[in-house]
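Student: my_file.cif (mmCIF, C-alpha atoms and all ligand atoms) pasted underneath:
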```cif
data_upload
loop_
_atom_site.group_PDB
_atom_site.id
_atom_site.type_symbol
_atom_site.label_atom_id
_atom_site.label_comp_id
_atom_site.auth_asym_id
_atom_site.auth_seq_id
_atom_site.Cartn_x
_atom_site.Cartn_y
_atom_site.Cartn_z
ATOM 1 C CA MET X 1 119.438 89.726 60.857
ATOM 2 C CA SER X 2 118.513 86.506 59.103
ATOM 3 C CA GLU X 3 120.790 85.261 56.350
ATOM 4 C CA GLU X 4 118.165 86.099 53.757
ATOM 5 C CA VAL X 5 117.946 89.708 54.930
ATOM 6 C CA ILE X 6 121.731 90.066 54.775
ATOM 7 C CA LYS X 7 121.792 88.643 51.252
ATOM 8 C CA LYS X 8 119.116 91.092 50.112
ATOM 9 C CA ALA X 9 120.923 94.009 51.738
ATOM 10 C CA SER X 10 124.253 93.149 50.138
ATOM 11 C CA LYS X 11 122.715 93.052 46.669
ATOM 12 C CA ASP X 12 122.232 96.828 46.541
ATOM 13 C CA THR X 13 125.238 97.812 48.642
ATOM 14 C CA CYS X 14 128.938 97.887 47.755
ATOM 15 C CA ASP X 15 130.758 94.812 48.971
ATOM 16 C CA THR X 16 133.650 96.954 50.092
ATOM 17 C CA PHE X 17 133.925 100.515 51.406
ATOM 18 C CA CYS X 18 135.985 102.575 48.998
ATOM 19 C CA TYR X 19 135.222 106.057 47.720
ATOM 20 C CA ASP X 20 136.607 108.512 45.209
ATOM 21 C CA GLU X 21 138.140 111.350 47.235
ATOM 22 C CA VAL X 22 138.319 113.783 44.297
ATOM 23 C CA LEU X 23 134.714 113.116 43.350
ATOM 24 C CA VAL X 24 133.538 113.586 46.936
ATOM 25 C CA GLN X 25 135.453 116.884 47.227
ATOM 26 C CA ARG X 26 133.864 118.062 43.995
ATOM 27 C CA VAL X 27 130.266 117.137 44.813
ATOM 28 C CA GLN X 28 130.131 117.759 48.559
ATOM 29 C CA PRO X 29 130.181 121.585 48.462
ATOM 30 C CA GLU X 30 127.582 121.577 45.687
ATOM 31 C CA ILE X 31 124.891 119.841 47.700
ATOM 32 C CA GLU X 32 124.564 122.859 49.991
ATOM 33 C CA LYS X 33 122.646 124.486 47.141
ATOM 34 C CA VAL X 34 119.618 122.287 47.749
ATOM 35 C CA GLU X 35 118.968 123.721 51.180
ATOM 36 C CA GLY X 36 115.268 124.595 51.399
ATOM 37 C CA VAL X 37 114.413 122.965 48.073
ATOM 38 C CA GLU X 38 112.801 120.089 49.962
ATOM 39 C CA LEU X 39 110.062 122.531 50.934
ATOM 40 C CA ILE X 40 108.844 122.558 47.324
ATOM 41 C CA PHE X 41 108.306 118.833 47.512
ATOM 42 C CA LYS X 42 106.790 119.126 50.948
ATOM 43 C CA ALA X 43 104.209 121.526 49.552
ATOM 44 C CA LEU X 44 103.398 119.056 46.783
ATOM 45 C CA SER X 45 103.479 115.978 49.030
ATOM 46 C CA ASP X 46 99.734 116.142 49.481
ATOM 47 C CA ALA X 47 97.378 114.457 47.014
ATOM 48 C CA THR X 48 94.900 117.343 46.981
ATOM 49 C CA ARG X 49 97.564 120.006 46.437
ATOM 50 C CA MET X 50 99.108 117.926 43.677
ATOM 51 C CA LYS X 51 95.675 117.753 42.017
ATOM 52 C CA ILE X 52 95.282 121.513 42.322
ATOM 53 C CA ALA X 53 98.772 122.122 40.954
ATOM 54 C CA TYR X 54 98.054 119.803 38.045
ATOM 55 C CA ALA X 55 94.729 121.526 37.360
ATOM 56 C CA LEU X 56 96.701 124.770 37.202
ATOM 57 C CA THR X 57 98.952 123.301 34.497
ATOM 58 C CA LEU X 58 95.834 122.649 32.389
ATOM 59 C CA GLU X 59 94.370 126.122 32.733
ATOM 60 C CA LYS X 60 96.157 129.450 32.794
ATOM 61 C CA GLU X 61 94.337 130.423 35.976
ATOM 62 C CA LEU X 62 91.470 129.260 38.157
ATOM 63 C CA CYS X 63 89.388 131.100 40.713
ATOM 64 C CA VAL X 64 89.015 129.605 44.205
ATOM 65 C CA CYS X 65 85.468 128.433 43.375
ATOM 66 C CA ASP X 66 86.677 126.681 40.194
ATOM 67 C CA VAL X 67 89.320 124.870 42.235
ATOM 68 C CA ALA X 68 86.804 123.920 44.942
ATOM 69 C CA ASN X 69 84.493 122.411 42.335
ATOM 70 C CA ILE X 70 87.291 120.618 40.500
ATOM 71 C CA ILE X 71 88.563 118.910 43.669
ATOM 72 C CA GLY X 72 85.069 118.527 45.140
ATOM 73 C CA SER X 73 85.720 120.522 48.295
ATOM 74 C CA THR X 74 84.476 123.626 50.051
ATOM 75 C CA THR X 75 85.957 126.948 49.006
ATOM 76 C CA ALA X 76 87.547 127.123 52.485
ATOM 77 C CA THR X 77 89.491 123.917 51.836
ATOM 78 C CA ALA X 78 90.468 125.003 48.327
ATOM 79 C CA SER X 79 91.565 128.366 49.616
ATOM 80 C CA HIS X 80 93.603 126.753 52.409
ATOM 81 C CA HIS X 81 95.545 124.628 49.901
ATOM 82 C CA LEU X 82 95.981 127.510 47.476
ATOM 83 C CA ARG X 83 97.306 129.741 50.240
ATOM 84 C CA LEU X 84 99.862 127.094 51.130
ATOM 85 C CA LEU X 85 100.979 126.792 47.499
ATOM 86 C CA ARG X 86 101.239 130.578 47.370
ATOM 87 C CA ASN X 87 103.243 130.757 50.610
ATOM 88 C CA MET X 88 105.648 128.189 49.172
ATOM 89 C CA LYS X 89 106.014 130.418 46.070
ATOM 90 C CA LEU X 90 104.518 127.746 43.833
ATOM 91 C CA ALA X 91 101.384 129.739 43.018
ATOM 92 C CA LYS X 92 100.424 133.366 42.729
ATOM 93 C CA TYR X 93 97.094 135.116 42.757
ATOM 94 C CA ARG X 94 95.363 138.193 41.525
ATOM 95 C CA LYS X 95 92.131 139.756 42.582
ATOM 96 C CA GLU X 96 89.614 140.815 39.982
ATOM 97 C CA GLY X 97 86.490 142.385 41.427
ATOM 98 C CA LYS X 98 84.948 139.772 43.692
ATOM 99 C CA LEU X 99 87.062 136.917 42.371
ATOM 100 C CA VAL X 100 90.532 135.698 43.284
ATOM 101 C CA PHE X 101 92.378 133.927 40.491
ATOM 102 C CA TYR X 102 95.274 131.593 41.114
ATOM 103 C CA SER X 103 97.960 130.493 38.688
ATOM 104 C CA LEU X 104 101.269 128.656 38.940
ATOM 105 C CA ALA X 105 104.186 130.889 39.922
ATOM 106 C CA ASP X 106 106.078 130.384 36.670
ATOM 107 C CA ASN X 107 107.062 127.899 34.003
ATOM 108 C CA HIS X 108 109.453 126.095 36.391
ATOM 109 C CA VAL X 109 106.538 125.044 38.572
ATOM 110 C CA HIS X 110 104.535 124.108 35.494
ATOM 111 C CA GLN X 111 107.367 121.860 34.313
ATOM 112 C CA LEU X 112 107.963 120.394 37.773
ATOM 113 C CA VAL X 113 104.342 119.275 38.064
ATOM 114 C CA SER X 114 104.099 118.054 34.457
ATOM 115 C CA ILE X 115 107.357 116.108 34.655
ATOM 116 C CA ALA X 116 106.411 114.494 37.976
ATOM 117 C CA LEU X 117 103.161 113.330 36.409
ATOM 118 C CA LEU X 118 104.899 112.022 33.284
ATOM 119 C CA HIS X 119 107.423 110.164 35.408
ATOM 120 C CA SER X 120 104.761 108.577 37.592
ATOM 121 C CA LYS X 121 103.012 107.253 34.488
ATOM 122 C CA GLU X 122 106.096 105.636 32.974
ATOM 123 C CA VAL X 123 107.248 103.653 36.018
HETATM 124 ZN ZN ZN H 201 110.904 129.753 38.617
#
```
As a first step, turn the structure in this file into structure tokens.
Ligand SMILES: [Zn+2]
Tutor:
Amino acid sequence: MSEEVIKKASKDTCDTFCYDEVLVQRVQPEIEKVEGVELIFKALSDATRMKIAYALTLEKELCVCDVANIIGSTTATASHHLRLLRNMKLAKYRKEGKLVFYSLADNHVHQLVSIALLHSKEV
């Protein structure tokens, strides 16, 4: 490592290794709760799916053809992404006659998508 690299690294790292035992004991068991939560972000870690999810925050529900037109894709592609969102419990669907309507699973997902968008605009 060059001296410059070391300097940069030390700027955002503690100069000495010391930790708060009580704090670690308190927080460590809690982090087990997040197991599997990363899958939510994995499902949204695709630009097209994020667009679809955002579109679904703007409208109560959209049929597969609406989604395909909004994202400029085939219905097969739209349906593939919607199925994935559904499998990850981020979206749900209902069939009405010949149409399949998708909506976000609940208000948590709505907030998650809206807040991510707000955050990305402020930084
Ligand atoms: Zn929920």
Student: Write out as a PyMOL selection string which residues come within 12 Å of Lys95 of chain X when counting only C-alpha atoms, dropping same-chain ones fewer than 3 positions away.
Tutor: chain X and resi 61-64+92+98-103
Student: Keeping only C-alpha atoms, write the selected residues to a file as a CSV table (one decimal), in the coordinates of the input.
Tutor:
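The new file result.csv reads:
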```
chain,number,residue,atom,x,y,z
X,61,GLU,CA,94.3,130.4,36.0
X,62,LEU,CA,91.5,129.3,38.2
X,63,CYS,CA,89.4,131.1,40.7
X,64,VAL,CA,89.0,129.6,44.2
X,92,LYS,CA,100.4,133.4,42.7
X,98,LYS,CA,84.9,139.8,43.7
X,99,LEU,CA,87.1,136.9,42.4
X,100,VAL,CA,90.5,135.7,43.3
X,101,PHE,CA,92.4,133.9,40.5
X,102,TYR,CA,95.3,131.6,41.1
X,103,SER,CA,98.0,130.5,38.7
```
Student: Kindly compile the residues surrounding ligand ZN 201 (chain H) within 9 Å, counting only C-alpha atoms and all ligand atoms, and format them as a list in words.
Tutor: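 Within the 9 Å cut-off, the matching residues are Lys89, Leu90, Ala105, Asp106, Asn107, His108 and Val109 of chain X.
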Student: Just give me the gap between atom CA of Val24 of chain X and atom CA of Lys42 of chain X in Å, one decimal is fine.
Tutor: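 Separation of atom CA of Val24 of chain X and atom CA of Lys42 of chain X: 27.6 Å.
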Student: Find the residue from X:Ala55, X:His110, X:Asp15, X:Thr48 that sits nearest to Ala78 of chain X; use all atoms listed in the file when measuring.
Tutor: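 Smallest distance to Ala78 of chain X is found for X:Thr48.
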Student: Report, in Å to a single decimal, how far apart atom CA of Glu30 of chain X and atom CA of Leu44 of chain X are.
Tutor: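 Going from atom CA of Leu44 of chain X over to atom CA of Glu30 of chain X covers 24.3 Å.
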Student: Is it possible to add N, CA, C and O atoms to segment 17-43 of chain X and hand it back as a compact mmCIF listing (two decimals), keeping the file's coordinate frame?
Tutor:
```
# COMPACT_ATOMS: atom_id res chain seq x y z
N PHE X 17 134.07 99.07 51.24
CA PHE X 17 133.93 100.52 51.41
C PHE X 17 135.11 101.23 50.80
O PHE X 17 136.22 101.24 51.35
N CYS X 18 134.92 101.77 49.61
CA CYS X 18 135.99 102.58 49.00
C CYS X 18 135.30 103.72 48.29
O CYS X 18 134.24 103.56 47.72
N TYR X 19 135.85 104.93 48.41
CA TYR X 19 135.22 106.06 47.72
C TYR X 19 136.26 106.90 47.01
O TYR X 19 137.45 106.85 47.32
N ASP X 20 135.76 107.68 46.05
CA ASP X 20 136.61 108.51 45.21
C ASP X 20 136.75 109.88 45.88
O ASP X 20 135.82 110.69 45.87
N GLU X 21 137.90 110.12 46.47
CA GLU X 21 138.14 111.35 47.24
C GLU X 21 137.92 112.61 46.39
O GLU X 21 137.28 113.57 46.83
N VAL X 22 138.44 112.61 45.18
CA VAL X 22 138.32 113.78 44.30
C VAL X 22 136.85 114.06 43.97
O VAL X 22 136.38 115.19 44.04
N LEU X 23 136.14 113.00 43.67
CA LEU X 23 134.71 113.12 43.35
C LEU X 23 133.93 113.67 44.56
O LEU X 23 133.12 114.58 44.42
N VAL X 24 134.22 113.13 45.72
CA VAL X 24 133.54 113.59 46.94
C VAL X 24 133.82 115.07 47.19
O VAL X 24 132.90 115.84 47.45
N GLN X 25 135.08 115.48 47.03
CA GLN X 25 135.45 116.88 47.23
C GLN X 25 134.76 117.81 46.23
O GLN X 25 134.45 118.94 46.53
N ARG X 26 134.51 117.27 45.04
CA ARG X 26 133.86 118.06 44.00
C ARG X 26 132.36 118.22 44.26
O ARG X 26 131.79 119.29 44.11
N VAL X 27 131.73 117.14 44.67
CA VAL X 27 130.27 117.14 44.81
C VAL X 27 129.80 117.68 46.17
O VAL X 27 128.80 118.39 46.25
N GLN X 28 130.56 117.38 47.21
CA GLN X 28 130.13 117.76 48.56
C GLN X 28 129.75 119.24 48.73
O GLN X 28 128.67 119.53 49.24
N PRO X 29 130.58 120.19 48.28
CA PRO X 29 130.18 121.58 48.46
C PRO X 29 128.94 121.97 47.65
O PRO X 29 128.21 122.88 48.03
N GLU X 30 128.72 121.27 46.56
CA GLU X 30 127.58 121.58 45.69
C GLU X 30 126.24 121.29 46.35
O GLU X 30 125.25 121.97 46.09
N ILE X 31 126.19 120.26 47.17
CA ILE X 31 124.89 119.84 47.70
C ILE X 31 124.29 120.84 48.68
O ILE X 31 123.11 120.77 48.99
N GLU X 32 125.11 121.81 49.12
CA GLU X 32 124.56 122.86 49.99
C GLU X 32 123.49 123.68 49.27
O GLU X 32 122.61 124.26 49.90
N LYS X 33 123.59 123.71 47.95
CA LYS X 33 122.65 124.49 47.14
C LYS X 33 121.20 124.05 47.32
O LYS X 33 120.28 124.81 47.07
N VAL X 34 120.99 122.79 47.70
CA VAL X 34 119.62 122.29 47.75
C VAL X 34 118.91 122.64 49.05
O VAL X 34 117.74 122.30 49.24
N GLU X 35 119.58 123.37 49.91
CA GLU X 35 118.97 123.72 51.18
C GLU X 35 117.66 124.48 50.97
O GLU X 35 117.62 125.49 50.28
N GLY X 36 116.58 123.96 51.51
CA GLY X 36 115.27 124.60 51.40
C GLY X 36 114.45 124.09 50.22
O GLY X 36 113.24 124.29 50.18
N VAL X 37 115.13 123.45 49.26
CA VAL X 37 114.41 122.96 48.07
C VAL X 37 113.41 121.87 48.45
O VAL X 37 112.37 121.71 47.80
N GLU X 38 113.71 121.15 49.52
CA GLU X 38 112.80 120.09 49.96
C GLU X 38 111.41 120.64 50.29
O GLU X 38 110.42 119.90 50.23
N LEU X 39 111.36 121.93 50.59
CA LEU X 39 110.06 122.53 50.93
C LEU X 39 109.11 122.56 49.74
O LEU X 39 107.89 122.51 49.90
N ILE X 40 109.67 122.63 48.53
CA ILE X 40 108.84 122.56 47.32
C ILE X 40 108.12 121.22 47.28
O ILE X 40 106.91 121.15 47.04
N PHE X 41 108.89 120.17 47.57
CA PHE X 41 108.31 118.83 47.51
C PHE X 41 107.36 118.60 48.69
O PHE X 41 106.38 117.88 48.57
N LYS X 42 107.67 119.23 49.79
CA LYS X 42 106.79 119.13 50.95
C LYS X 42 105.43 119.73 50.61
O LYS X 42 104.39 119.16 50.93
N ALA X 43 105.46 120.87 49.93
CA ALA X 43 104.21 121.53 49.55
C ALA X 43 103.40 120.67 48.58
O ALA X 43 102.17 120.70 48.60
```
